[in-house]
>>> print(open('upload.cif').read())   # mmCIF, C-alpha atoms and all ligand atoms
data_input
loop_
_atom_site.label_atom_id
_atom_site.label_comp_id
_atom_site.auth_asym_id
_atom_site.auth_seq_id
_atom_site.Cartn_x
_atom_site.Cartn_y
_atom_site.Cartn_z
CA MET A 1 -20.09 2.21 -6.50
CA PRO A 2 -22.27 4.86 -4.82
CA ALA A 3 -22.11 8.35 -6.33
CA LEU A 4 -20.10 11.06 -4.65
CA THR A 5 -22.08 13.40 -2.42
CA ILE A 6 -21.21 17.02 -3.15
CA GLU A 7 -21.98 19.73 -0.57
CA GLN A 8 -21.80 23.32 -1.75
CA ILE A 9 -20.77 25.86 0.89
CA PRO A 10 -21.13 29.55 -0.02
CA VAL A 11 -18.53 31.72 1.76
CA LEU A 12 -16.99 35.22 1.59
CA GLY A 13 -19.90 36.68 -0.36
CA ASP A 14 -19.28 34.98 -3.67
CA ASN A 15 -16.94 31.98 -3.16
CA PHE A 16 -17.96 28.33 -3.12
CA ILE A 17 -16.20 25.62 -1.16
CA TYR A 18 -17.21 22.06 -2.07
CA LEU A 19 -17.10 19.04 0.19
CA VAL A 20 -16.88 15.86 -1.87
CA HIS A 21 -17.77 12.71 0.08
CA ASP A 22 -17.51 9.04 -0.80
CA SER A 23 -19.83 7.03 1.42
CA GLU A 24 -18.10 3.73 0.68
CA SER A 25 -14.63 4.69 1.95
CA GLY A 26 -15.73 7.56 4.18
CA GLU A 27 -13.21 9.86 2.50
CA THR A 28 -14.11 13.54 2.16
CA ALA A 29 -12.29 16.22 0.19
CA ALA A 30 -12.64 19.97 0.50
CA VAL A 31 -12.21 21.74 -2.82
CA ASP A 32 -10.68 25.23 -2.48
CA PRO A 33 -11.29 25.85 1.24
CA ALA A 34 -11.16 29.62 1.55
CA VAL A 35 -12.12 29.61 5.23
CA ALA A 36 -12.22 26.88 7.86
CA GLY A 37 -15.26 27.59 10.03
CA PRO A 38 -18.01 26.67 7.57
CA VAL A 39 -16.04 23.55 6.55
CA PHE A 40 -15.87 22.37 10.18
CA ASP A 41 -19.58 23.14 10.61
CA THR A 42 -20.58 21.14 7.53
CA LEU A 43 -18.32 18.22 8.42
CA ALA A 44 -19.87 18.11 11.89
CA ALA A 45 -23.43 18.38 10.58
CA ARG A 46 -22.83 15.55 8.13
CA GLY A 47 -20.68 13.41 10.42
CA TRP A 48 -17.85 13.43 7.89
CA THR A 49 -14.07 13.45 8.47
CA LEU A 50 -11.85 15.49 6.18
CA SER A 51 -9.27 13.36 4.35
CA HIS A 52 -8.15 15.62 1.48
CA ILE A 53 -7.95 19.17 0.24
CA LEU A 54 -8.02 19.72 -3.50
CA ASN A 55 -6.72 23.15 -4.50
CA THR A 56 -7.28 24.50 -8.00
CA HIS A 57 -4.84 27.40 -7.61
CA HIS A 58 -2.87 29.38 -5.08
CA HIS A 59 -5.11 32.41 -4.47
CA ASP A 60 -5.95 33.02 -0.84
CA ASP A 61 -9.70 32.71 -1.42
CA HIS A 62 -9.02 29.08 -2.45
CA THR A 63 -6.24 28.03 -0.05
CA GLY A 64 -6.83 30.28 2.97
CA ALA A 65 -7.93 27.45 5.28
CA ASN A 66 -5.38 24.84 4.12
CA MET A 67 -3.17 25.00 7.21
CA GLU A 68 -5.95 25.25 9.77
CA LEU A 69 -7.79 22.28 8.29
CA LYS A 70 -4.61 20.25 7.96
CA LYS A 71 -3.63 20.95 11.56
CA ALA A 72 -7.06 19.91 12.83
CA THR A 73 -7.59 16.82 10.65
CA GLY A 74 -4.23 15.70 9.24
CA CYS A 75 -5.75 15.79 5.76
CA THR A 76 -3.63 15.45 2.63
CA ILE A 77 -3.32 18.59 0.52
CA ILE A 78 -3.22 18.18 -3.25
CA GLY A 79 -2.34 20.99 -5.64
CA ALA A 80 -0.47 21.97 -8.76
CA GLY A 81 3.18 20.92 -8.64
CA VAL A 82 4.35 23.93 -10.62
CA ASP A 83 2.84 26.19 -7.94
CA ALA A 84 3.89 24.14 -4.91
CA ALA A 85 5.78 27.09 -3.39
CA ARG A 86 2.56 29.12 -3.29
CA ILE A 87 0.18 26.43 -1.99
CA PRO A 88 0.24 26.26 1.82
CA GLY A 89 0.88 22.80 3.22
CA ILE A 90 0.94 20.99 -0.13
CA ASP A 91 1.64 17.24 0.21
CA VAL A 92 0.91 15.86 -3.26
CA ARG A 93 1.99 17.73 -6.40
CA VAL A 94 -0.05 16.97 -9.47
CA SER A 95 -0.24 18.02 -13.10
CA GLU A 96 -2.10 17.06 -16.25
CA GLY A 97 -2.44 13.32 -16.71
CA ASP A 98 -2.41 12.63 -12.97
CA SER A 99 -5.45 11.35 -11.12
CA VAL A 100 -6.58 11.97 -7.57
CA ALA A 101 -8.70 9.43 -5.72
CA ILE A 102 -11.55 9.96 -3.26
CA GLY A 103 -12.26 6.38 -2.34
CA HIS A 104 -12.59 4.60 -5.69
CA HIS A 105 -13.65 7.80 -7.47
CA GLN A 106 -10.94 9.01 -9.81
CA GLY A 107 -10.51 12.71 -10.53
CA LYS A 108 -8.51 13.50 -13.64
CA VAL A 109 -6.25 16.55 -13.44
CA PHE A 110 -6.09 19.11 -16.23
CA ASP A 111 -3.59 21.94 -16.46
CA VAL A 112 -5.68 25.02 -17.19
CA PRO A 113 -3.32 28.02 -16.88
CA GLY A 114 -4.38 31.57 -17.63
CA HIS A 115 -5.94 32.92 -14.43
CA THR A 116 -2.76 31.79 -12.65
CA SER A 117 0.21 30.00 -14.15
CA GLY A 118 -0.40 26.88 -12.06
CA HIS A 119 -4.17 26.54 -12.27
CA ILE A 120 -5.58 23.00 -12.45
CA ALA A 121 -9.06 21.49 -12.73
CA TYR A 122 -10.35 18.15 -11.43
CA TRP A 123 -12.75 16.03 -13.50
CA PHE A 124 -14.56 13.13 -11.82
CA GLU A 125 -15.71 11.36 -14.93
CA GLN A 126 -17.94 8.71 -13.31
CA ASP A 127 -19.70 11.43 -11.32
CA GLN A 128 -19.87 13.88 -14.24
CA ALA A 129 -18.40 16.60 -12.02
CA LEU A 130 -15.81 19.18 -13.00
CA PHE A 131 -14.19 21.38 -10.35
CA SER A 132 -13.02 24.28 -12.47
CA GLY A 133 -11.88 26.78 -9.84
CA ASP A 134 -11.40 30.22 -11.40
CA ALA A 135 -10.68 28.91 -14.91
CA LEU A 136 -14.26 28.36 -16.09
CA PHE A 137 -17.25 30.10 -14.50
CA SER A 138 -20.87 29.91 -15.49
CA MET A 139 -21.01 32.22 -18.54
CA GLY A 140 -17.53 33.49 -17.73
CA CYS A 141 -13.87 32.71 -17.21
CA GLY A 142 -11.18 33.89 -14.83
CA ARG A 143 -9.26 37.10 -15.31
CA LEU A 144 -5.85 36.73 -16.93
CA PHE A 145 -3.64 37.54 -13.95
CA GLU A 146 -0.69 35.30 -14.81
CA GLY A 147 -1.33 34.07 -18.32
CA THR A 148 -2.05 35.01 -21.88
CA ALA A 149 -5.27 34.85 -23.84
CA GLU A 150 -3.76 32.02 -25.85
CA GLN A 151 -3.08 29.99 -22.69
CA MET A 152 -6.57 30.56 -21.34
CA TRP A 153 -8.25 29.72 -24.64
CA THR A 154 -6.22 26.51 -24.83
CA SER A 155 -7.22 25.70 -21.25
CA LEU A 156 -10.89 26.32 -21.95
CA LEU A 157 -10.78 24.13 -25.06
CA LYS A 158 -9.71 21.21 -22.86
CA LEU A 159 -12.71 21.74 -20.61
CA ARG A 160 -15.04 22.30 -23.56
CA ALA A 161 -14.03 18.87 -24.88
CA LEU A 162 -15.61 17.16 -21.87
CA PRO A 163 -19.08 15.57 -22.21
CA ASP A 164 -22.19 17.74 -22.29
CA GLU A 165 -23.61 15.99 -19.19
CA THR A 166 -20.71 17.33 -17.08
CA MET A 167 -21.74 19.62 -14.24
CA VAL A 168 -19.39 22.57 -13.67
CA TYR A 169 -18.64 23.29 -10.03
CA CYS A 170 -16.81 26.59 -10.29
CA ALA A 171 -15.47 28.56 -7.34
CA HIS A 172 -17.48 31.78 -7.60
CA GLU A 173 -21.07 32.98 -7.87
CA TYR A 174 -20.33 35.52 -10.60
CA THR A 175 -23.10 34.36 -12.89
CA SER A 176 -25.38 37.43 -12.81
CA SER A 177 -22.72 39.87 -13.96
CA ASN A 178 -21.36 37.28 -16.40
CA ALA A 179 -24.84 36.95 -17.89
CA ASP A 180 -25.12 40.72 -18.33
CA PHE A 181 -21.83 40.75 -20.19
CA ALA A 182 -22.68 37.68 -22.29
CA LEU A 183 -25.94 39.32 -23.36
CA SER A 184 -24.05 42.45 -24.37
CA VAL A 185 -21.96 40.31 -26.73
CA GLU A 186 -24.69 38.01 -28.07
CA PRO A 187 -28.06 39.66 -27.36
CA ALA A 188 -29.99 37.44 -29.79
CA ASN A 189 -28.67 34.04 -28.60
CA PRO A 190 -31.89 32.24 -27.56
CA ASP A 191 -30.14 29.76 -25.23
CA LEU A 192 -28.35 32.64 -23.54
CA LYS A 193 -31.57 34.62 -23.09
CA ARG A 194 -33.22 31.60 -21.50
CA ARG A 195 -30.29 30.91 -19.16
CA ALA A 196 -29.99 34.60 -18.22
CA ALA A 197 -33.68 34.68 -17.26
CA GLU A 198 -33.22 31.52 -15.21
CA VAL A 199 -30.26 33.12 -13.42
CA VAL A 200 -32.34 36.19 -12.53
CA ALA A 201 -35.07 33.93 -11.10
CA LEU A 202 -32.58 31.84 -9.09
CA ARG A 203 -30.90 34.90 -7.63
CA GLU A 204 -34.27 36.44 -6.70
CA GLN A 205 -34.96 33.28 -4.72
CA GLY A 206 -31.50 33.49 -3.12
CA LYS A 207 -30.44 30.25 -4.81
CA PRO A 208 -27.04 29.48 -6.32
CA THR A 209 -26.67 29.35 -10.11
CA VAL A 210 -23.83 26.84 -9.74
CA PRO A 211 -23.25 24.06 -10.67
CA SER A 212 -24.09 24.65 -14.31
CA ASN A 213 -24.33 22.18 -17.16
CA LEU A 214 -21.33 22.10 -19.50
CA GLY A 215 -23.45 21.37 -22.57
CA GLU A 216 -25.37 24.57 -21.88
CA GLU A 217 -22.15 26.49 -21.16
CA LYS A 218 -20.99 25.56 -24.66
CA ARG A 219 -24.08 27.33 -26.03
CA VAL A 220 -24.13 30.39 -23.76
CA ASN A 221 -20.64 31.15 -22.40
CA PRO A 222 -18.95 33.69 -24.69
CA PHE A 223 -15.51 32.51 -23.54
CA LEU A 224 -16.23 29.02 -24.91
CA ARG A 225 -17.50 30.50 -28.18
CA ALA A 226 -14.56 32.50 -29.56
CA ASP A 227 -14.53 30.19 -32.59
CA ASN A 228 -18.30 30.24 -33.11
CA ASP A 229 -19.55 32.07 -36.21
CA ASP A 230 -22.74 33.32 -34.53
CA LEU A 231 -20.78 34.85 -31.66
CA LEU A 232 -18.12 36.34 -33.94
CA GLN A 233 -20.78 37.97 -36.08
CA ALA A 234 -22.70 39.30 -33.08
CA ALA A 235 -19.48 40.69 -31.61
CA GLY A 236 -18.36 42.33 -34.85
CA LEU A 237 -15.43 39.93 -35.11
CA THR A 238 -16.38 37.98 -38.22
CA GLY A 239 -13.40 36.21 -39.75
CA GLN A 240 -11.16 36.64 -36.68
CA ASP A 241 -9.13 33.70 -35.48
CA ALA A 242 -10.15 32.24 -32.14
CA ILE A 243 -7.22 33.49 -30.07
CA PRO A 244 -7.42 37.18 -31.02
CA ALA A 245 -11.22 36.96 -30.80
CA PHE A 246 -10.97 35.43 -27.33
CA ALA A 247 -8.46 38.13 -26.30
CA GLU A 248 -10.83 40.84 -27.50
CA ILE A 249 -13.84 39.36 -25.66
CA ARG A 250 -11.77 39.03 -22.48
CA ARG A 251 -10.67 42.70 -22.87
CA ARG A 252 -14.27 43.81 -23.26
CA LYS A 253 -15.24 41.93 -20.11
CA ASP A 254 -12.38 43.54 -18.17
CA ASN A 255 -13.80 46.95 -19.15
CA PHE A 256 -17.48 46.04 -18.81
ZN ZN A 301 -8.42 33.09 -8.19
FE FE A 302 -11.11 33.08 -6.68
#
>>> encode(input="upload.cif", output="structure tokens")
Amino acid sequence: MPALTIEQIPVLGDNFIYLVHDSESGETAAVDPAVAGPVFDTLAARGWTLSHILNTHHHDDHTGANMELKKATGCTIIGAGVDAARIPGIDVRVSEGDSVAIGHHQGKVFDVPGHTSGHIAYWFEQDQALFSGDALFSMGCGRLFEGTAEQMWTSLLKLRALPDETMVYCAHEYTSSNADFALSVEPANPDLKRRAAEVVALREQGKPTVPSNLGEEKRVNPFLRADNDDLLQAAGLTGQDAIPAFAEIRRRKDNF
């Protein structure tokens, strides 16, 4: 089975839309289409036809083009069942344990609430690709708009359990400011210093810092490290349980 082709489309300053294409079946999914124009342009340039939309959550910068794309292509819109009322044009309602298919490529659905109550992530195991929306960012995580620290920590633990080779296709280019914050928490973390320097270099060249490698995220992302002794010590939280430690780190980021 040929690997999925993943096209990254930067839009709205700091959002990413992904087009996920299976050459065998010809199916193409748009992950979190914020706007339609650049999706149409990329489809035309590639000669692809849109068959699916995969939404991670209801926010407008992830679903804004749902209706326009559906009207133009008749694509099938997949999103979180618990948030169906807030996802424009939803056809297929999914939750944890479900799979979505792009050709023969299976994407496993995880419930990852915290940023919103109905946030989901899609993991294409064979392709080592995780579409994490606004749950997990490179060196960061989403703000807690509709959930608790406990929910978000539980969500992030599910994603942290995935294999190190996984590439994280998150929905925003927030990495520079996330790196600044991460360094403020763990200034002596050598993996973090190396990644932060790489991010500076990439941004200077106008290149995206996403996707990132999940194995590296486990070593550098403070929001995946709320149960790590090195982080807790660096943050002055030695002996804290993971959930209150995570809540405190999230609070510090909100005020950073
Ligand atoms: Zn969002
Ligand atoms: Fe967003």
>>> residues_near_ligand(input="upload.cif", ligand="ligand FE 302 (chain A)", cutoff="9 Å", atoms="all atoms listed in the file", output="PDB file with C-alpha atoms, in the frame of the given file")
ATOM      1  CA  ASP A  14     -19.280  34.980  -3.670  1.00  0.00           C
ATOM      2  CA  ASN A  15     -16.940  31.980  -3.160  1.00  0.00           C
ATOM      3  CA  ASP A  32     -10.680  25.230  -2.480  1.00  0.00           C
ATOM      4  CA  ALA A  34     -11.160  29.620   1.550  1.00  0.00           C
ATOM      5  CA  HIS A  57      -4.840  27.400  -7.610  1.00  0.00           C
ATOM      6  CA  HIS A  59      -5.110  32.410  -4.470  1.00  0.00           C
ATOM      7  CA  ASP A  60      -5.950  33.020  -0.840  1.00  0.00           C
ATOM      8  CA  ASP A  61      -9.700  32.710  -1.420  1.00  0.00           C
ATOM      9  CA  HIS A  62      -9.020  29.080  -2.450  1.00  0.00           C
ATOM     10  CA  GLY A 133     -11.880  26.780  -9.840  1.00  0.00           C
ATOM     11  CA  ASP A 134     -11.400  30.220 -11.400  1.00  0.00           C
ATOM     12  CA  GLY A 142     -11.180  33.890 -14.830  1.00  0.00           C
ATOM     13  CA  ALA A 171     -15.470  28.560  -7.340  1.00  0.00           C
ATOM     14  CA  HIS A 172     -17.480  31.780  -7.600  1.00  0.00           C
TER      15      HIS A 172
END
>>> residues_near_point(input="upload.cif", point="(-2.7, 18.6, -1.7)", cutoff="12 Å", atoms="all atoms listed in the file", output="CSV table (one decimal) with C-alpha atoms, in the frame of the given file")
chain,number,residue,atom,x,y,z
A,29,ALA,CA,-12.3,16.2,0.2
A,30,ALA,CA,-12.6,20.0,0.5
A,31,VAL,CA,-12.2,21.7,-2.8
A,32,ASP,CA,-10.7,25.2,-2.5
A,33,PRO,CA,-11.3,25.8,1.2
A,51,SER,CA,-9.3,13.4,4.4
A,52,HIS,CA,-8.2,15.6,1.5
A,53,ILE,CA,-8.0,19.2,0.2
A,54,LEU,CA,-8.0,19.7,-3.5
A,55,ASN,CA,-6.7,23.2,-4.5
A,56,THR,CA,-7.3,24.5,-8.0
A,57,HIS,CA,-4.8,27.4,-7.6
A,58,HIS,CA,-2.9,29.4,-5.1
A,63,THR,CA,-6.2,28.0,0.0
A,66,ASN,CA,-5.4,24.8,4.1
A,67,MET,CA,-3.2,25.0,7.2
A,69,LEU,CA,-7.8,22.3,8.3
A,70,LYS,CA,-4.6,20.2,8.0
A,74,GLY,CA,-4.2,15.7,9.2
A,75,CYS,CA,-5.8,15.8,5.8
A,76,THR,CA,-3.6,15.4,2.6
A,77,ILE,CA,-3.3,18.6,0.5
A,78,ILE,CA,-3.2,18.2,-3.2
A,79,GLY,CA,-2.3,21.0,-5.6
A,80,ALA,CA,-0.5,22.0,-8.8
A,81,GLY,CA,3.2,20.9,-8.6
A,83,ASP,CA,2.8,26.2,-7.9
A,84,ALA,CA,3.9,24.1,-4.9
A,86,ARG,CA,2.6,29.1,-3.3
A,87,ILE,CA,0.2,26.4,-2.0
A,88,PRO,CA,0.2,26.3,1.8
A,89,GLY,CA,0.9,22.8,3.2
A,90,ILE,CA,0.9,21.0,-0.1
A,91,ASP,CA,1.6,17.2,0.2
A,92,VAL,CA,0.9,15.9,-3.3
A,93,ARG,CA,2.0,17.7,-6.4
A,94,VAL,CA,0.0,17.0,-9.5
A,95,SER,CA,-0.2,18.0,-13.1
A,100,VAL,CA,-6.6,12.0,-7.6
A,101,ALA,CA,-8.7,9.4,-5.7
A,120,ILE,CA,-5.6,23.0,-12.4
>>> atom_distance(input="upload.cif", atom1="CA of Ser212 (chain A)", atom2="CA of Phe131 (chain A)")
11.2 Å
>>> atom_distance(input="upload.cif", atom1="CA of Val112 (chain A)", atom2="CA of Leu202 (chain A)")
28.9 Å
>>> closest_residue(input="upload.cif", among="A:Thr42, A:Gln240, A:Asn178, A:Thr28", to="Pro10 (chain A)", atoms="only C-alpha atoms")
A:Thr42
>>> atom_distance(input="upload.cif", atom1="CA of Thr166 (chain A)", atom2="CA of Pro190 (chain A)")
21.4 Å
>>> axis_aligned_box(input="upload.cif", around="region 49-57 of chain A", padding_each_side="3 Å", output="JSON")
{"center_x": -9.5, "center_y": 20.4, "center_z": 0.2, "size_x": 15.2, "size_y": 20.0, "size_z": 22.5}
>>> closest_residue(input="upload.cif", among="A:Ser23, A:Cys170, A:Gly13, A:Ala3", to="ligand ZN 301 (chain A)", atoms="only C-alpha atoms and all ligand atoms")
A:Cys170
>>> closest_residue(input="upload.cif", among="A:Ile249, A:Leu159, A:Leu144, A:Ala85", to="ligand ZN 301 (chain A)", atoms="only C-alpha atoms and all ligand atoms")
A:Leu144
